[in-house]
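Below you'll find the structure, written out as structure tokens, and then a few comments.
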Amino acid sequence: MKKQQAAARRSHALGDLEITRSLRKLKRYQFLFEELVKRDFKKKYKRTVLGMGWSILAPLLHLLVLSMVFTRLLGRNQPHFTIYIFCGNLIFTFFSDATKGGMGTIMGNASIFTKVNVPKYLFLLSRNVQALINFGLILVVFFIFVAFDGLPFTWKFLCLVYPICGLILFNIGVGMVLSALFVFFRDTQYLYDVFTMLLMYMSAIFYPVTRFPENIQRLFLINPVYLFIRYFRLIVIDSAVPSFAYHMLMLADVAVVLAAGCFMYKKFNTRFLYYV
Amino acid sequence: MSVLEVHNVSIRYKTGDFKDIGIKEYVMRKLTHNYHVKEFWADKDVSFTLDRGEMLGIIGSNGAGKSTLLKAVSGIMEPTEGYVKCSGSIAALLELASGFDKELTVRENTYLRGAMLGYTRKFMDEAYEEIIRFAELEDFQDRPFKQLSSGMKSRLAFAIASMVQPDLLILDEVLSVGDGAFKAKSEAKMRQIIHGGAATILVSHSLRQILQLCTKVLWLDKGEQVALGDTTILCGLYQQYQRKTMKLDQAKKSWAWLNGHYDYLIVGAGFYGAAFAREMTDRGKKCLVVDSQLLPGGCAACERVQGVTVHKFGPHIFHTDRQDLWEYANRFAEFVPYDGGFGETWQGVPKGGYSAMVKNMLKGVPTVTGLDYQDLARAFPRIADKVVYTGPIDGFFEYRHGRLEYDSFRYEQEQLERDDYQGRAIVELKDDPGGCTRVIEYKHFLGESGPGTVIAREYPQAWSPKRPDCHPAGGERNEAVLQKYLAMAAERPDVIFGGRQGEYRDYTMAGAIDAARARAARE
């Protein structure tokens, strides 16, 4: 063990060694990771008739309801309002699916990591892959909607890679924090449910922020999920690339959350055992 | 170089209020100083090394720290103190049958488990058929896992885990499930892995399994390392501890004694052995007494049945005409006189029984019970300079010239509700239709009172090697055989053969004491 630690320290000094080491580790756990992803996938869709289709249909139905309510009943007729809502819905669904699902990954795999020495983040990552696949499917539908709505596909759409990658990492970070907290406090789940609901209303999913005064509008930027949503809307609807500062703000959010998650996993790595 | 080195490993385990409480409760308890976390040492200062081809058995009752130790070895937990050094790959099978996903099929679970154990997909593709065949689950491959019996689950778990040739294999209660046929198969597989050069750790509640497979044993109790060493000896001690015939500190002491070096190893805690040990110890020599029985006293061993001191192998009366021997015996017990029978000057039965008397004789002499000499000689070949062997002499030489025969009796013991059966200790019967020669009512030897009584009927029986050997039968054939063994004994100056069985002589108890003292005086 001590030797290993010493070896770890040595390879720290030599950055390239570190990379080969993590690559080797990645390769070592690749098979397990694949099997975990498969497992999560099978388990999720095993009991539903529509299977995978359901995970696309659900957000679409949600979207349908929202756009009906707001355009028909409340008479909102802002241009591309359906796409506007879809952007918010798409991002928020991905976020809440990944984080809510990620919360239980340590607890749910207790029977594995108390018996086999495997990195615990694999469980979270596997769950996130599943959420990502869902997101990808809806994203395809989203683009179809965009085409139907007559919005132009420009080179700027390539910029969407940035918020997508950012959101993936952001979700992982939040998932790490949540899954660790959930081990210690089982009511994390209920608190988080309330929190996500609040967050949803604060993410301007089905209302335009322009209705608020400037300074209130700026307050929305505190919400990282809103940043991702707004990025999508700017590119898709307004065909505008956000400022450099905007990019940096998103990056900072991702970095902070990811750092917090890694810190918790590292700190409690050997302690989770006592709580399950 | 050893595959595994566990060095002074201590693991602090936490348990307490923190499980299943919410944030509100946590804050409340913190505020009211009512939040209790109990920390305890699940393992304390455990050290051992394991080489290739070795198999370590870990024994100990529940809560001994076995599983926690295995978790530290397999890297799931980190030792609080000390370190675990493992050179090579580890395959750990902890609480096998659990950890499968009951929603998945057998096939899916097999792959998932294989992946957890660090196999590659290529390897799993190749080994899959073999795993299913070994686990005998051909017809269940695509069934949901929850339909499997616990035996099937363990079989599968074992089959997957035993597919590789790890450097270190950790098995926690793995072989304890499954039917007899599978057990045999899995044990054969285990042997194959061990012979392939793996070091193995086995935790099992089956001492039989540990005795069969392990090359050494680690005994843990409440996290503390009680002993590490020879399988047979430690399993023997552990069994006595489990049966509550030996306390833990006695077991620890016994183990420490066995690891010492002595002038004399005395095999058999009968009168010869005890007297010899007493004499030599009083002369300042280091002696260790071992006996295969749990009770000292040899053929005269006594146990308490219903408040009555019962001689386990027939009635024994201490009798002698020699005052010095009588006085010697009285140093160790208070005798209740016995009239009749032998017509000698001093006759009596010791209060508390012969086992207690021998225990007194052995006061201050390290004594380990329930231990076979053969096992001891194998485990500790250089434990003593000289051996005093009071067991059967033919047995010592592995019956090479045939067995020496003994007169044999059968005692049918009976506990009766009434207070008195025959008013005296021994009643001789003549021409009993059942062939009974004597009826012994034990309470009358010592005038013990109390409700109920214990009697035994004595029947002479044909000699058989399996029965206790008390009275040498003698006769020409046996004398001739004895001479051959004595010739062999003469070539072993490091072994003193003594006592009824060691010399094949029908000593009285006083006679055995006399012979032992004389022999001790010549040393």
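Ligands are numbered from 1 in the order shown, residues from 1 within each chain, and chains are lettered A, B, ... in the order they appear in the structure tokens.
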
Can you work out which residues from chain B touch chain A at a cut-off of 7 Å (counting only C-alpha atoms) and hand them back as a compact mmCIF listing (two decimals) with C-alpha atoms, in the first residue's frame?
# COMPACT_ATOMS: atom_id res chain seq x y z
CA LYS B 14 -17.71 3.25 13.32
CA THR B 15 -21.27 2.54 14.16
CA LYS B 19 -27.47 5.42 10.21
CA ASP B 20 -30.94 6.20 8.93
CA ILE B 21 -31.35 9.58 10.56
CA GLY B 22 -32.32 12.64 8.60
CA ILE B 23 -30.78 16.07 8.59
CA SER B 74 -8.90 -6.58 -0.59
CA GLY B 75 -8.61 -2.80 -0.47
CA ILE B 76 -12.26 -2.03 0.23
CA MET B 77 -11.30 -0.55 3.58
CA GLU B 78 -8.14 1.14 4.65
CA TYR B 83 -0.36 -1.64 6.37
CA VAL B 84 -1.35 -4.32 3.91
CA LYS B 85 1.14 -5.09 1.20
CA ALA B 92 -11.93 -11.42 -3.40
CA LEU B 94 -16.85 -11.73 0.07
CA SER B 98 -25.23 -11.23 -2.37
CA GLY B 99 -24.17 -8.44 -4.66
CA GLU B 103 -33.58 -7.87 -11.89
CA LEU B 112 -21.36 -7.93 -14.56
CA ALA B 115 -16.39 -7.21 -14.92
CA MET B 116 -16.36 -6.40 -11.21
CA GLY B 118 -11.57 -7.21 -13.30
CA THR B 120 -11.85 -8.51 -19.73
CA ARG B 121 -14.77 -8.93 -22.08

Using DSSP assignments from the backbone, pull out every residue in range 34-115 of chain A that falls under helix (DSSP H, G or I) and give it to me as JSON, numbers by chain. {"A": [34, 35, 36, 37, 38, 39, 40, 41, 42, 43, 44, 45, 52, 53, 54, 55, 56, 57, 58, 59, 60, 61, 62, 63, 64, 65, 66, 67, 68, 69, 70, 71, 72, 73, 81, 82, 83, 84, 85, 86, 87, 88, 89, 90, 91, 92, 93, 94, 95, 96, 97, 98, 99, 100, 101, 102, 103, 105, 106, 107, 108, 110, 111, 112, 113]}

Select, from B:Gly196, B:Gly474, B:Gly223, B:Gly57, the residue with the minimum atom-to-atom distance to Asp43 in chain B, counting only C-alpha atoms. B:Gly223

Give me, as an NGL selection string, all polymer residues having an atom no more than 12 Å from Pro79 in chain A, counting only C-alpha atoms and skipping those fewer than 2 positions away in the same chain. :A and (71 or 76-77 or 81-85 or 149-151 or 208 or 237-238)

Of the residues A:Leu137, A:Leu26, A:Met107, A:Met176, which is the one nearest to Trp54 in chain A, using only C-alpha atoms? A:Leu137

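Between CA of His247 in chain A and CA of Arg233 in chain A the separation is 14.5 Å.
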
Just want the 12 Å neighbourhood of Leu125 in chain A, counted on only C-alpha atoms, with same-chain residues fewer than 3 positions away dropped. Output as number ranges by chain. A: 29-30, 32-34, 36-37, 40, 98-99, 101-103, 105-106, 119-122, 128-132, 168-169, 171-176, 179

Excluding range 368-372 of chain B and its own-chain neighbours fewer than 4 positions away, which residues fall within 12 Å of it when counting only C-alpha atoms? Please give them as a short mmCIF file (atom, residue, chain, number, x, y, z; two decimals) with C-alpha atoms, in the first residue's frame.
data_model
loop_
_atom_site.label_atom_id
_atom_site.label_comp_id
_atom_site.auth_asym_id
_atom_site.auth_seq_id
_atom_site.Cartn_x
_atom_site.Cartn_y
_atom_site.Cartn_z
CA THR B 232 -4.67 -28.97 13.39
CA ILE B 233 -3.51 -27.68 16.74
CA LEU B 234 -5.36 -24.38 16.52
CA CYS B 235 -8.53 -25.98 15.24
CA GLY B 236 -8.32 -28.37 18.18
CA LEU B 237 -8.00 -25.51 20.65
CA TYR B 238 -10.70 -23.54 18.89
CA GLN B 239 -13.06 -26.46 19.04
CA GLN B 240 -12.57 -26.72 22.78
CA TYR B 241 -13.21 -23.00 23.04
CA ARG B 243 -17.60 -26.20 23.10
CA THR B 245 -14.54 -26.63 27.59
CA MET B 246 -11.74 -24.10 27.31
CA GLN B 250 -6.73 -20.66 28.61
CA ALA B 251 -6.55 -21.17 24.85
CA LYS B 252 -4.17 -18.23 24.54
CA LYS B 253 -2.05 -19.60 27.36
CA SER B 254 -2.06 -23.06 25.79
CA TRP B 255 -0.91 -21.61 22.49
CA ALA B 256 1.86 -19.68 24.18
CA TRP B 257 2.93 -22.85 26.00
CA LEU B 258 2.98 -24.85 22.80
CA ASN B 259 5.29 -22.25 21.30
CA LEU B 265 7.12 -33.11 26.94
CA ILE B 266 4.81 -35.39 28.88
CA VAL B 267 2.20 -37.07 26.77
CA GLY B 268 -0.78 -38.14 28.85
CA ALA B 269 -2.04 -36.58 32.05
CA GLY B 270 -2.58 -39.87 33.86
CA CYS B 287 7.74 -29.61 31.60
CA LEU B 288 4.74 -29.46 29.28
CA VAL B 289 1.89 -31.92 29.70
CA VAL B 290 -0.49 -32.70 26.87
CA ASP B 291 -3.43 -35.06 26.81
CA SER B 292 -5.72 -36.08 24.02
CA GLN B 293 -8.62 -36.18 26.46
CA LEU B 294 -10.21 -33.05 27.85
CA LEU B 295 -10.11 -34.30 31.44
CA PRO B 296 -6.86 -35.18 33.14
CA GLY B 297 -6.56 -38.41 35.12
CA GLY B 298 -6.17 -40.95 32.33
CA LYS B 359 -5.07 -31.25 38.35
CA LEU B 362 -0.13 -30.59 37.83
CA LEU B 376 1.82 -31.93 18.16
CA ALA B 377 4.96 -33.77 17.05
CA ARG B 378 4.27 -32.74 13.49
CA ALA B 379 3.53 -29.10 14.31
CA PHE B 380 6.26 -28.61 16.92
CA TYR B 389 5.11 -41.03 26.42
CA GLY B 391 0.06 -43.41 25.58
CA GLY B 395 0.40 -46.60 18.85
CA PHE B 396 3.63 -44.64 19.14
#

Do a neighbour search on Phe153 in chain A at 12 Å with only C-alpha atoms, toss out local chain neighbours closer than 2 positions, and write the hits as a ChimeraX atom specification. /A:143-151,155-160,235-239

Only N, CA and C atoms, please: the residues just picked out, written as a short mmCIF file (atom, residue, chain, number, x, y, z; two decimals), in the first residue's frame.
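result_2.cif, written as the output of this step:
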data_model
loop_
_atom_site.label_atom_id
_atom_site.label_comp_id
_atom_site.auth_asym_id
_atom_site.auth_seq_id
_atom_site.Cartn_x
_atom_site.Cartn_y
_atom_site.Cartn_z
N PHE A 143 -34.03 19.07 -32.66
CA PHE A 143 -33.55 19.63 -33.92
C PHE A 143 -34.62 19.51 -35.01
N ILE A 144 -35.37 18.42 -34.96
CA ILE A 144 -36.47 18.26 -35.92
C ILE A 144 -37.48 19.39 -35.74
N PHE A 145 -37.80 19.66 -34.47
CA PHE A 145 -38.71 20.76 -34.16
C PHE A 145 -38.17 22.09 -34.68
N VAL A 146 -36.86 22.25 -34.45
CA VAL A 146 -36.22 23.50 -34.88
C VAL A 146 -36.37 23.66 -36.39
N ALA A 147 -36.15 22.57 -37.13
CA ALA A 147 -36.27 22.60 -38.59
C ALA A 147 -37.69 22.96 -39.00
N PHE A 148 -38.65 22.32 -38.36
CA PHE A 148 -40.05 22.57 -38.68
C PHE A 148 -40.45 24.02 -38.40
N ASP A 149 -39.80 24.56 -37.38
CA ASP A 149 -40.15 25.92 -36.97
C ASP A 149 -39.54 26.96 -37.91
N GLY A 150 -38.76 26.45 -38.85
CA GLY A 150 -38.18 27.36 -39.84
C GLY A 150 -36.99 28.13 -39.35
N LEU A 151 -36.38 27.71 -38.24
CA LEU A 151 -35.18 28.39 -37.77
C LEU A 151 -33.99 27.89 -38.56
N TRP A 155 -23.56 27.66 -38.65
CA TRP A 155 -22.33 27.09 -38.06
C TRP A 155 -22.32 27.30 -36.55
N LYS A 156 -23.09 28.29 -36.10
CA LYS A 156 -23.09 28.59 -34.67
C LYS A 156 -23.64 27.43 -33.84
N PHE A 157 -24.42 26.57 -34.50
CA PHE A 157 -24.95 25.41 -33.78
C PHE A 157 -23.81 24.55 -33.22
N LEU A 158 -22.63 24.62 -33.87
CA LEU A 158 -21.48 23.84 -33.38
C LEU A 158 -21.10 24.26 -31.96
N CYS A 159 -21.39 25.55 -31.65
CA CYS A 159 -21.08 26.04 -30.30
C CYS A 159 -21.87 25.31 -29.22
N LEU A 160 -22.97 24.66 -29.61
CA LEU A 160 -23.78 23.94 -28.61
C LEU A 160 -22.99 22.84 -27.91
N ILE A 235 -28.24 30.62 -29.25
CA ILE A 235 -27.72 30.01 -30.47
C ILE A 235 -28.86 29.66 -31.42
N VAL A 236 -29.86 28.96 -30.88
CA VAL A 236 -30.88 28.37 -31.74
C VAL A 236 -31.87 29.42 -32.24
N ILE A 237 -32.37 30.25 -31.31
CA ILE A 237 -33.42 31.20 -31.71
C ILE A 237 -32.83 32.50 -32.25
N ASP A 238 -31.84 33.05 -31.51
CA ASP A 238 -31.32 34.36 -31.88
C ASP A 238 -30.09 34.29 -32.76
N SER A 239 -29.57 33.06 -32.95
CA SER A 239 -28.38 32.87 -33.77
C SER A 239 -27.24 33.80 -33.31
#

Would you compute the distance between CA of Asp263 in chain B and CA of Ala516 in chain B? Give it in Å to one decimal. 16.1 Å

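Note that CA of Gly452 in chain B and CA of Gln415 in chain B are 7.1 Å apart.
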
Excluding range 211-227 of chain A and its own-chain neighbours fewer than 6 positions away, which residues fall within 8 Å of it when counting only C-alpha atoms? Please give them as a ChimeraX atom specification. /A:91-92,95,199,202-204,250,253

If you run DSSP on this backbone, which residues of range 212-410 of chain B come out as strand (DSSP E), and could you give them as a ChimeraX atom specification? /B:216-221,224-229,262-267,287-291,302-305,308-311,318-320,335-337,346-350,367-369,384-389,406-410

Output file for the selection above: C-alpha atoms, as an mmCIF file, in the first residue's frame:
data_model
loop_
_atom_site.group_PDB
_atom_site.id
_atom_site.type_symbol
_atom_site.label_atom_id
_atom_site.label_comp_id
_atom_site.auth_asym_id
_atom_site.auth_seq_id
_atom_site.Cartn_x
_atom_site.Cartn_y
_atom_site.Cartn_z
ATOM 1 C CA LYS B 216 -2.145 -22.370 8.632
ATOM 2 C CA VAL B 217 -4.755 -20.712 10.751
ATOM 3 C CA LEU B 218 -5.325 -17.245 12.145
ATOM 4 C CA TRP B 219 -7.593 -17.114 15.169
ATOM 5 C CA LEU B 220 -9.268 -13.796 15.831
ATOM 6 C CA ASP B 221 -11.416 -12.858 18.777
ATOM 7 C CA GLU B 224 -7.597 -9.432 18.602
ATOM 8 C CA GLN B 225 -5.137 -11.906 17.192
ATOM 9 C CA VAL B 226 -5.346 -14.923 19.482
ATOM 10 C CA ALA B 227 -2.998 -17.175 17.578
ATOM 11 C CA LEU B 228 -1.414 -17.795 14.208
ATOM 12 C CA GLY B 229 0.002 -21.146 13.273
ATOM 13 C CA TYR B 262 10.781 -27.677 27.287
ATOM 14 C CA ASP B 263 13.054 -30.180 28.928
ATOM 15 C CA TYR B 264 10.238 -32.708 28.972
ATOM 16 C CA LEU B 265 7.116 -33.105 26.937
ATOM 17 C CA ILE B 266 4.813 -35.387 28.881
ATOM 18 C CA VAL B 267 2.198 -37.073 26.766
ATOM 19 C CA CYS B 287 7.742 -29.611 31.595
ATOM 20 C CA LEU B 288 4.742 -29.463 29.281
ATOM 21 C CA VAL B 289 1.885 -31.922 29.704
ATOM 22 C CA VAL B 290 -0.487 -32.698 26.873
ATOM 23 C CA ASP B 291 -3.430 -35.060 26.809
ATOM 24 C CA CYS B 302 -13.885 -38.230 36.663
ATOM 25 C CA GLU B 303 -16.740 -35.985 35.723
ATOM 26 C CA ARG B 304 -19.670 -34.570 37.639
ATOM 27 C CA VAL B 305 -23.022 -35.997 36.679
ATOM 28 C CA VAL B 308 -22.196 -37.026 41.692
ATOM 29 C CA THR B 309 -18.522 -37.690 40.959
ATOM 30 C CA VAL B 310 -18.560 -40.379 38.296
ATOM 31 C CA HIS B 311 -15.465 -42.321 37.237
ATOM 32 C CA PHE B 318 -6.565 -45.778 45.310
ATOM 33 C CA HIS B 319 -4.895 -48.508 47.362
ATOM 34 C CA THR B 320 -1.382 -49.192 48.641
ATOM 35 C CA PHE B 335 -9.187 -39.181 50.641
ATOM 36 C CA VAL B 336 -12.392 -40.794 51.792
ATOM 37 C CA PRO B 337 -11.449 -44.251 53.107
ATOM 38 C CA TRP B 346 -4.465 -47.576 52.775
ATOM 39 C CA GLN B 347 -7.492 -47.465 50.552
ATOM 40 C CA GLY B 348 -9.556 -44.513 49.497
ATOM 41 C CA VAL B 349 -11.187 -42.340 46.902
ATOM 42 C CA PRO B 350 -10.158 -38.670 46.572
ATOM 43 C CA THR B 367 -1.024 -28.499 30.589
ATOM 44 C CA VAL B 368 -2.819 -28.564 27.263
ATOM 45 C CA THR B 369 -5.786 -30.844 26.853
ATOM 46 C CA ALA B 384 11.144 -30.622 24.024
ATOM 47 C CA ASP B 385 14.471 -32.347 24.537
ATOM 48 C CA LYS B 386 12.796 -35.466 25.844
ATOM 49 C CA VAL B 387 9.362 -36.966 25.529
ATOM 50 C CA VAL B 388 7.640 -38.955 28.256
ATOM 51 C CA TYR B 389 5.110 -41.031 26.419
ATOM 52 C CA TYR B 406 -6.418 -55.034 26.657
ATOM 53 C CA ASP B 407 -9.092 -56.397 28.921
ATOM 54 C CA SER B 408 -12.072 -54.362 28.149
ATOM 55 C CA PHE B 409 -15.213 -53.430 30.030
ATOM 56 C CA ARG B 410 -18.299 -51.617 29.048
#
